[in-house]
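Here's model.cif, which has mmCIF, C-alpha atoms and all ligand atoms:
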data_data
loop_
_atom_site.label_atom_id
_atom_site.label_comp_id
_atom_site.auth_asym_id
_atom_site.auth_seq_id
_atom_site.Cartn_x
_atom_site.Cartn_y
_atom_site.Cartn_z
CA MET A 1 7.59 5.66 -29.75
CA LYS A 2 10.96 6.55 -28.22
CA ASN A 3 11.73 8.92 -25.41
CA THR A 4 8.98 11.14 -24.09
CA HIS A 5 9.01 13.31 -21.04
CA HIS A 6 5.70 14.31 -19.65
CA ASP A 7 2.80 12.88 -21.60
CA ILE A 8 2.31 9.13 -21.77
CA PRO A 9 2.51 7.95 -25.40
CA SER A 10 -0.81 6.53 -26.55
CA ALA A 11 1.01 3.43 -27.78
CA VAL A 12 1.95 2.64 -24.15
CA VAL A 13 -1.66 3.12 -23.06
CA ASP A 14 -2.87 0.96 -25.95
CA ALA A 15 -0.33 -1.78 -25.13
CA LEU A 16 -1.53 -1.79 -21.52
CA GLN A 17 -5.18 -1.79 -22.53
CA SER A 18 -4.80 -4.89 -24.68
CA ALA A 19 -2.36 -6.63 -22.30
CA GLN A 20 -3.37 -9.84 -20.56
CA ARG A 21 -0.14 -10.23 -18.59
CA VAL A 22 2.06 -7.37 -17.29
CA VAL A 23 5.35 -7.55 -15.37
CA ILE A 24 6.48 -4.56 -13.28
CA PHE A 25 10.25 -4.93 -12.71
CA THR A 26 11.52 -2.48 -10.07
CA GLY A 27 14.80 -1.39 -8.49
CA ALA A 28 15.86 0.97 -5.71
CA GLY A 29 14.71 4.03 -7.70
CA VAL A 30 11.05 3.19 -7.02
CA SER A 31 11.69 3.57 -3.28
CA ALA A 32 13.86 6.69 -3.65
CA GLU A 33 10.87 9.03 -3.21
CA SER A 34 10.00 7.23 0.04
CA GLY A 35 13.30 8.46 1.38
CA ILE A 36 15.08 5.11 1.06
CA ALA A 37 18.57 5.70 -0.31
CA THR A 38 19.27 3.81 -3.53
CA PHE A 39 21.87 1.10 -3.23
CA ARG A 40 24.81 3.27 -4.12
CA ASP A 41 23.66 6.24 -2.01
CA ALA A 42 23.17 4.00 1.03
CA LEU A 43 26.86 4.20 1.88
CA THR A 44 27.29 7.15 4.18
CA GLY A 45 29.18 7.66 7.40
CA LEU A 46 31.20 4.65 8.55
CA TRP A 47 30.27 2.73 5.45
CA SER A 48 31.50 5.43 3.05
CA ARG A 49 34.91 3.75 3.00
CA PHE A 50 33.30 0.56 1.72
CA ASP A 51 31.97 -0.07 -1.75
CA ALA A 52 28.34 -1.31 -1.69
CA GLN A 53 29.22 -4.31 -3.77
CA ALA A 54 32.00 -5.14 -1.32
CA LEU A 55 29.80 -4.68 1.74
CA ALA A 56 26.81 -6.67 0.42
CA THR A 57 28.78 -9.95 0.37
CA PRO A 58 29.21 -13.04 2.58
CA GLU A 59 32.94 -12.24 2.84
CA ALA A 60 32.25 -8.79 4.33
CA PHE A 61 29.81 -10.32 6.83
CA ARG A 62 32.40 -12.90 7.86
CA ALA A 63 35.14 -10.26 8.18
CA HIS A 64 33.12 -7.40 9.74
CA PRO A 65 29.79 -8.85 11.03
CA ASP A 66 29.13 -5.76 13.19
CA VAL A 67 29.65 -3.30 10.31
CA VAL A 68 27.46 -5.30 7.91
CA TRP A 69 24.74 -6.02 10.48
CA GLY A 70 24.81 -2.33 11.56
CA TRP A 71 24.36 -1.23 7.92
CA TYR A 72 21.39 -3.52 7.37
CA GLU A 73 19.76 -2.57 10.71
CA TRP A 74 20.12 1.11 9.71
CA ARG A 75 18.48 0.28 6.35
CA ARG A 76 15.78 -1.78 8.08
CA ALA A 77 15.03 1.18 10.38
CA GLN A 78 14.83 3.43 7.28
CA ALA A 79 12.39 1.00 5.64
CA LEU A 80 10.23 0.76 8.78
CA ARG A 81 10.05 4.59 8.92
CA ALA A 82 9.33 4.95 5.20
CA ALA A 83 5.88 5.05 3.60
CA PRO A 84 4.98 3.78 0.13
CA ASN A 85 5.12 6.64 -2.40
CA ALA A 86 2.86 7.51 -5.35
CA ALA A 87 4.80 5.10 -7.59
CA HIS A 88 4.15 2.10 -5.30
CA LEU A 89 0.48 3.12 -5.01
CA ALA A 90 0.08 3.57 -8.78
CA ILE A 91 1.62 0.14 -9.41
CA ALA A 92 -0.83 -1.39 -6.93
CA ALA A 93 -3.71 0.48 -8.66
CA LEU A 94 -2.58 -0.64 -12.13
CA ALA A 95 -3.15 -4.27 -11.08
CA ARG A 96 -6.88 -3.46 -10.97
CA HIS A 97 -6.84 -2.59 -14.69
CA VAL A 98 -4.91 -5.62 -15.93
CA PRO A 99 -5.97 -9.28 -15.84
CA GLU A 100 -2.56 -10.50 -14.58
CA LEU A 101 0.14 -8.29 -13.06
CA LEU A 102 3.29 -9.49 -11.25
CA VAL A 103 5.70 -7.17 -9.45
CA VAL A 104 9.29 -8.46 -9.65
CA THR A 105 11.46 -6.34 -7.38
CA GLN A 106 15.18 -6.18 -6.64
CA ASN A 107 14.33 -4.13 -3.54
CA VAL A 108 14.59 -5.54 -0.05
CA ASP A 109 12.00 -3.19 1.49
CA ASP A 110 8.30 -4.12 1.75
CA LEU A 111 6.83 -0.92 0.30
CA HIS A 112 5.17 -2.66 -2.67
CA GLU A 113 3.26 -4.90 -0.24
CA ARG A 114 2.40 -1.97 2.03
CA ALA A 115 1.07 -0.07 -1.01
CA GLY A 116 -1.36 -2.94 -1.68
CA SER A 117 0.47 -5.03 -4.31
CA HIS A 118 -0.39 -8.69 -3.73
CA ASP A 119 1.84 -10.58 -6.16
CA VAL A 120 5.40 -9.47 -5.39
CA ALA A 121 8.51 -11.55 -6.18
CA HIS A 122 11.62 -10.45 -4.24
CA LEU A 123 14.61 -11.48 -6.36
CA HIS A 124 17.12 -10.23 -3.77
CA GLY A 125 15.32 -11.17 -0.55
CA SER A 126 14.06 -8.89 2.20
CA LEU A 127 15.31 -6.77 5.09
CA HIS A 128 12.38 -8.18 7.06
CA ALA A 129 13.38 -11.85 6.92
CA PRO A 130 16.59 -12.24 8.97
CA ARG A 131 17.80 -15.83 9.27
CA CYS A 132 20.59 -17.80 10.92
CA SER A 133 23.85 -17.69 8.93
CA ALA A 134 24.50 -21.33 9.88
CA CYS A 135 21.25 -23.33 10.25
CA GLY A 136 19.02 -20.95 8.26
CA THR A 137 16.33 -20.74 10.95
CA PRO A 138 14.16 -17.65 10.33
CA GLN A 139 14.49 -15.16 13.21
CA VAL A 140 11.55 -13.03 14.31
CA PHE A 141 12.46 -9.49 15.31
CA PRO A 142 10.14 -6.91 16.82
CA ASP A 143 9.50 -4.22 14.19
CA ALA A 144 10.47 -1.54 16.66
CA LEU A 145 14.25 -1.59 16.74
CA PRO A 146 15.85 -1.89 20.19
CA GLN A 147 17.62 1.39 19.55
CA GLU A 148 17.52 3.66 16.49
CA PRO A 149 20.81 2.70 14.81
CA ASP A 150 22.48 5.90 13.73
CA GLU A 151 24.51 6.03 10.56
CA GLY A 152 27.75 4.17 10.79
CA ARG A 153 26.85 2.34 13.99
CA ARG A 154 28.44 -1.07 14.41
CA ILE A 155 25.97 -3.58 15.85
CA ASP A 156 26.93 -7.16 16.75
CA PRO A 157 24.51 -9.53 14.99
CA PRO A 158 22.27 -11.37 17.46
CA ALA A 159 22.74 -15.10 18.08
CA CYS A 160 20.45 -17.60 16.36
CA THR A 161 17.62 -18.73 18.68
CA ALA A 162 18.21 -22.34 17.55
CA CYS A 163 21.97 -22.80 17.31
CA GLY A 164 23.63 -19.61 18.56
CA ALA A 165 25.41 -18.75 15.27
CA PRO A 166 25.27 -15.11 14.06
CA VAL A 167 21.99 -13.99 12.46
CA ARG A 168 22.31 -12.53 8.93
CA PRO A 169 20.03 -10.30 6.84
CA GLY A 170 17.57 -12.23 4.66
CA VAL A 171 18.95 -10.65 1.47
CA VAL A 172 20.82 -12.12 -1.53
CA TRP A 173 24.41 -10.89 -1.44
CA PHE A 174 26.74 -10.54 -4.43
CA GLY A 175 28.10 -13.97 -5.27
CA GLU A 176 25.01 -15.68 -3.82
CA SER A 177 22.34 -17.35 -5.95
CA LEU A 178 18.87 -15.91 -6.19
CA PRO A 179 16.08 -17.98 -4.59
CA THR A 180 15.40 -20.60 -7.27
CA GLU A 181 11.58 -20.65 -7.14
CA THR A 182 11.39 -16.85 -7.25
CA TRP A 183 13.83 -16.62 -10.16
CA ILE A 184 11.97 -19.26 -12.18
CA THR A 185 8.66 -17.46 -11.52
CA ALA A 186 10.18 -14.12 -12.63
CA LEU A 187 11.78 -15.62 -15.73
CA ARG A 188 8.57 -17.37 -16.81
CA ALA A 189 6.54 -14.20 -16.24
CA ALA A 190 9.00 -12.12 -18.30
CA GLU A 191 8.84 -14.62 -21.16
CA ARG A 192 5.01 -14.80 -21.19
CA CYS A 193 4.08 -11.17 -20.58
CA ASP A 194 2.66 -8.73 -23.12
CA VAL A 195 4.21 -5.66 -21.45
CA LEU A 196 7.18 -5.33 -19.07
CA PHE A 197 7.92 -2.07 -17.23
CA SER A 198 11.46 -1.58 -15.91
CA ILE A 199 11.18 1.10 -13.22
CA GLY A 200 13.98 2.69 -11.17
CA THR A 201 16.76 0.25 -11.83
CA SER A 202 20.23 0.83 -13.19
CA ALA A 203 19.88 -2.47 -15.09
CA LEU A 204 23.44 -3.41 -14.08
CA VAL A 205 22.96 -6.32 -11.68
CA TYR A 206 22.63 -9.84 -13.08
CA PRO A 207 20.82 -12.12 -13.48
CA ALA A 208 17.95 -9.69 -12.61
CA ALA A 209 18.92 -7.32 -15.43
CA GLU A 210 18.29 -10.15 -17.89
CA LEU A 211 14.52 -9.96 -17.38
CA PRO A 212 13.80 -7.03 -19.75
CA GLN A 213 15.96 -8.73 -22.41
CA ARG A 214 14.00 -11.99 -22.00
CA ALA A 215 10.73 -10.08 -22.37
CA LEU A 216 11.99 -8.32 -25.52
CA ALA A 217 13.14 -11.63 -26.99
CA ALA A 218 9.67 -13.08 -26.35
CA GLY A 219 8.03 -10.17 -28.22
CA ALA A 220 6.76 -8.12 -25.27
CA THR A 221 6.56 -4.33 -25.24
CA VAL A 222 9.24 -3.03 -22.86
CA VAL A 223 8.81 0.42 -21.27
CA GLN A 224 11.44 1.98 -19.00
CA VAL A 225 10.84 4.63 -16.31
CA ASN A 226 14.03 6.28 -15.04
CA PRO A 227 15.17 9.92 -14.83
CA VAL A 228 18.52 8.95 -16.36
CA VAL A 229 19.71 6.86 -19.30
CA THR A 230 20.58 3.24 -18.53
CA PRO A 231 21.97 0.38 -20.67
CA LEU A 232 18.33 -0.57 -21.33
CA ASP A 233 17.46 2.70 -23.13
CA ARG A 234 18.61 1.48 -26.52
CA TYR A 235 16.50 -1.71 -26.32
CA ALA A 236 13.28 -0.44 -24.72
CA HIS A 237 10.34 0.46 -26.99
CA CYS A 238 9.77 3.57 -24.88
CA ASN A 239 11.84 5.43 -22.27
CA LEU A 240 9.81 7.67 -19.95
CA HIS A 241 12.55 9.90 -18.53
CA GLY A 242 11.06 11.04 -15.27
CA ALA A 243 10.64 10.14 -11.62
CA ALA A 244 8.49 7.07 -10.98
CA ALA A 245 6.27 8.91 -8.48
CA GLU A 246 5.40 11.43 -11.23
CA VAL A 247 5.20 9.15 -14.26
CA MET A 248 3.33 6.15 -12.80
CA PRO A 249 0.26 8.02 -11.47
CA ARG A 250 -0.09 9.76 -14.87
CA LEU A 251 0.16 6.42 -16.61
CA VAL A 252 -2.55 4.85 -14.44
CA ALA A 253 -4.75 7.91 -14.97
CA ALA A 254 -4.31 7.58 -18.75
CA VAL A 255 -5.14 3.86 -18.65
CA SER A 256 -8.22 4.29 -16.48
CA GLU A 257 -9.47 7.21 -18.67
CA HIS A 258 -9.46 5.01 -21.75
CA LEU A 259 -11.36 2.15 -20.10
C1 LIG B 301 25.03 -14.27 -8.79
C2 LIG B 301 20.37 -7.17 -2.10
C3 LIG B 301 26.36 -16.18 -9.02
C4 LIG B 301 21.42 -6.79 -1.10
C5 LIG B 301 21.48 -6.90 -4.27
C6 LIG B 301 30.41 -9.29 -14.13
C7 LIG B 301 29.45 -9.21 -15.13
C8 LIG B 301 28.14 -9.61 -14.91
C9 LIG B 301 27.76 -10.11 -13.65
C10 LIG B 301 28.71 -10.17 -12.66
C11 LIG B 301 30.02 -9.77 -12.90
N1 LIG B 301 30.71 -9.94 -11.74
C12 LIG B 301 29.87 -10.44 -10.79
C13 LIG B 301 28.65 -10.61 -11.35
C14 LIG B 301 27.46 -11.16 -10.71
C15 LIG B 301 26.82 -10.11 -9.82
C16 LIG B 301 26.57 -8.83 -10.57
O1 LIG B 301 25.62 -8.74 -11.34
N2 LIG B 301 27.42 -7.81 -10.35
C17 LIG B 301 27.23 -6.57 -11.08
C18 LIG B 301 27.43 -5.39 -10.14
C19 LIG B 301 28.21 -6.53 -12.25
N3 LIG B 301 25.54 -10.69 -9.44
C20 LIG B 301 25.47 -11.48 -8.36
O2 LIG B 301 26.40 -11.70 -7.63
C21 LIG B 301 24.12 -12.14 -8.15
N4 LIG B 301 24.36 -13.54 -7.91
O3 LIG B 301 25.36 -13.87 -9.88
O4 LIG B 301 25.33 -15.50 -8.30
C22 LIG B 301 26.02 -17.57 -8.82
C23 LIG B 301 25.42 -18.25 -9.87
C24 LIG B 301 25.15 -19.58 -9.69
C25 LIG B 301 25.46 -20.21 -8.47
C26 LIG B 301 26.04 -19.48 -7.43
C27 LIG B 301 26.32 -18.16 -7.59
C28 LIG B 301 23.43 -11.60 -6.92
C29 LIG B 301 23.08 -10.14 -7.14
C30 LIG B 301 22.23 -9.65 -5.98
C31 LIG B 301 23.00 -8.66 -5.14
N5 LIG B 301 22.11 -8.06 -4.13
N6 LIG B 301 20.61 -6.43 -3.36
C32 LIG B 301 21.21 -5.38 -0.61
O5 LIG B 301 20.23 -4.71 -1.01
O6 LIG B 301 22.04 -4.96 0.22
S1 LIG B 301 21.70 -5.99 -5.71
C33 LIG B 301 21.54 -4.33 -5.27
O7 LIG B 301 22.28 -3.56 -6.21
C34 LIG B 301 20.13 -3.84 -5.41
O8 LIG B 301 19.18 -4.82 -5.11
C35 LIG B 301 20.01 -3.40 -6.86
O9 LIG B 301 19.45 -4.41 -7.65
C36 LIG B 301 21.44 -3.29 -7.32
C37 LIG B 301 21.79 -1.93 -7.82
O10 LIG B 301 21.55 -0.97 -6.73
P1 LIG B 301 21.09 0.60 -7.09
O11 LIG B 301 21.88 1.07 -8.26
O12 LIG B 301 20.93 1.53 -5.94
O13 LIG B 301 19.68 0.42 -7.43
P2 LIG B 301 19.27 0.28 -8.80
O14 LIG B 301 20.15 -0.62 -9.60
O15 LIG B 301 17.92 -0.16 -8.67
O16 LIG B 301 19.54 1.82 -9.37
C38 LIG B 301 18.76 2.93 -8.91
C39 LIG B 301 18.13 3.46 -10.18
O17 LIG B 301 17.00 4.23 -9.86
C40 LIG B 301 19.08 4.37 -10.97
O18 LIG B 301 19.09 4.00 -12.32
C41 LIG B 301 18.44 5.76 -10.80
O19 LIG B 301 18.59 6.56 -11.95
C42 LIG B 301 17.00 5.41 -10.63
N7 LIG B 301 16.18 6.39 -9.90
C43 LIG B 301 16.59 7.21 -8.90
N8 LIG B 301 15.52 7.94 -8.48
C44 LIG B 301 14.45 7.55 -9.22
C45 LIG B 301 14.87 6.55 -10.11
N9 LIG B 301 14.03 5.97 -10.98
C46 LIG B 301 12.74 6.37 -10.97
N10 LIG B 301 12.25 7.31 -10.14
C47 LIG B 301 13.08 7.92 -9.26
N11 LIG B 301 12.60 8.86 -8.42
ZN ZN B 302 21.12 -21.29 13.72
#
How does the structure come out when it is put into structure tokens?
Ligand code: BV8
Ligand code: ZN
Amino acid sequence: MKNTHHDIPSAVVDALQSAQRVVIFTGAGVSAESGIATFRDALTGLWSRFDAQALATPEAFRAHPDVVWGWYEWRRAQALRAAPNAAHLAIAALARHVPELLVVTQNVDDLHERAGSHDVAHLHGSLHAPRCSACGTPQVFPDALPQEPDEGRRIDPPACTACGAPVRPGVVWFGESLPTETWITALRAAERCDVLFSIGTSALVYPAAELPQRALAAGATVVQVNPVVTPLDRYAHCNLHGAAAEVMPRLVAAVSEHL
């Protein structure tokens, strides 16, 4: 049941039909068709001289708070302007055909929620949950940005409403631990599920990239959706090489036809 391009293999449909528990593991590729640059493409303009992995770190925020805060505010503005795409909507629809479905995302946008997914675990935090870098107090920002940050704009982070220290994005940076509760929930779901989909992720960032391996080890069917080959291709039961916004609606159509 290896690589297919356009039709959905019946074995995938059958696995979904008989599944009690499904995990949908997503990365930046699922938001690509909403116009949100994937992590590596998000470095344009001023940030092009930085490497994403170098910029998404506590050290970079300490050294260049205005560059890092400007980058995240530009990404937050992108996310606020974006709309869920057919992949997000199909994933939300799939939950209606499966007894238990959990979305585990590495993305920091809220497009899964806006598409109607209810159970979403954010392994790497959210652009929409800024907090104080010192006392951790959550900061509430108006959704409409004060000014549309253009690419490369440096913006000084605001001061914490409680202690005055710089506010930071509510995301997990490289070198930072994932939120413990969320990680345990994701790990348990991967080890108990019947089917795990890995959609739009380069499967390079750990520990998140461990989830498909944990599901495989526990005997689940693992299906990957990605236009390109990733390190997961050789382990997945099926690799659907296509864009998520094309593949996922066809998959949900196939599942609902057979019901
Ligand atoms: C931790 C939030 C330690 C921030 C992110 C050496 C070996 C192994 C591990 C390490 C190592 N050195 C360091 C590490 C650890 C490190 C790590 O894994 N580094 C990697 C790069 C080697 N991990 C960490 O630091 C993690 N923490 O380990 O803590 C620790 C332990 C205990 C106690 C204390 C500390 C924290 C990692 C979290 C980092 N934060 N995001 C932000 O968003 O700014 S990760 C970030 O990069 C994204 O969230 C994403 O997960 C990841 C990759 O970004 P992209 O490539 O853009 O996105 P993605 O991977 O999803 O790829 C896009 C894919 O979509 C592509 O495959 C593309 O083909 C596909 N696609 C494109 N279009 C479509 C599509 N697919 C479908 N349809 C389409 N239309
Ligand atoms: Zn504070």
- Message: Ranking A:Arg81, A:Arg21, A:His122, A:Arg96 by minimum distance to ligand LIG 301 (chain B) and counting only C-alpha atoms and all ligand atoms, which one comes first?
- Response: A:His122
- Query: Using all atoms listed in the file, what are the residues with an atom within 7 Å of ligand ZN 302 (chain B), set out as number ranges by chain?
  - Reply: A: 132-137, 160-165
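Straight-line separation from atom CA of Gly170 of chain A to atom C27 of ligand LIG 301 (chain B): 16.2 Å.
Each of A:Ala32, A:Ile24, A:Ala209, A:Phe197 was checked against Val120 of chain A using only C-alpha atoms; the smallest atom-to-atom distance is that of A:Ile24.
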- Message: Could you list, as number ranges by chain, all residues that come within 6 Å of ligand LIG 301 (chain B)? Count all atoms listed in the file.
- Response: A: 27-30, 32-33, 38-40, 56, 106-108, 124, 171-177, 199-206, 225-228, 243-244
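Remark: for Val104 of chain A, the closest of the candidate residues A:Leu89, A:Val13, A:Leu211, A:Leu80 is A:Leu211 (distances computed over all atoms listed in the file).
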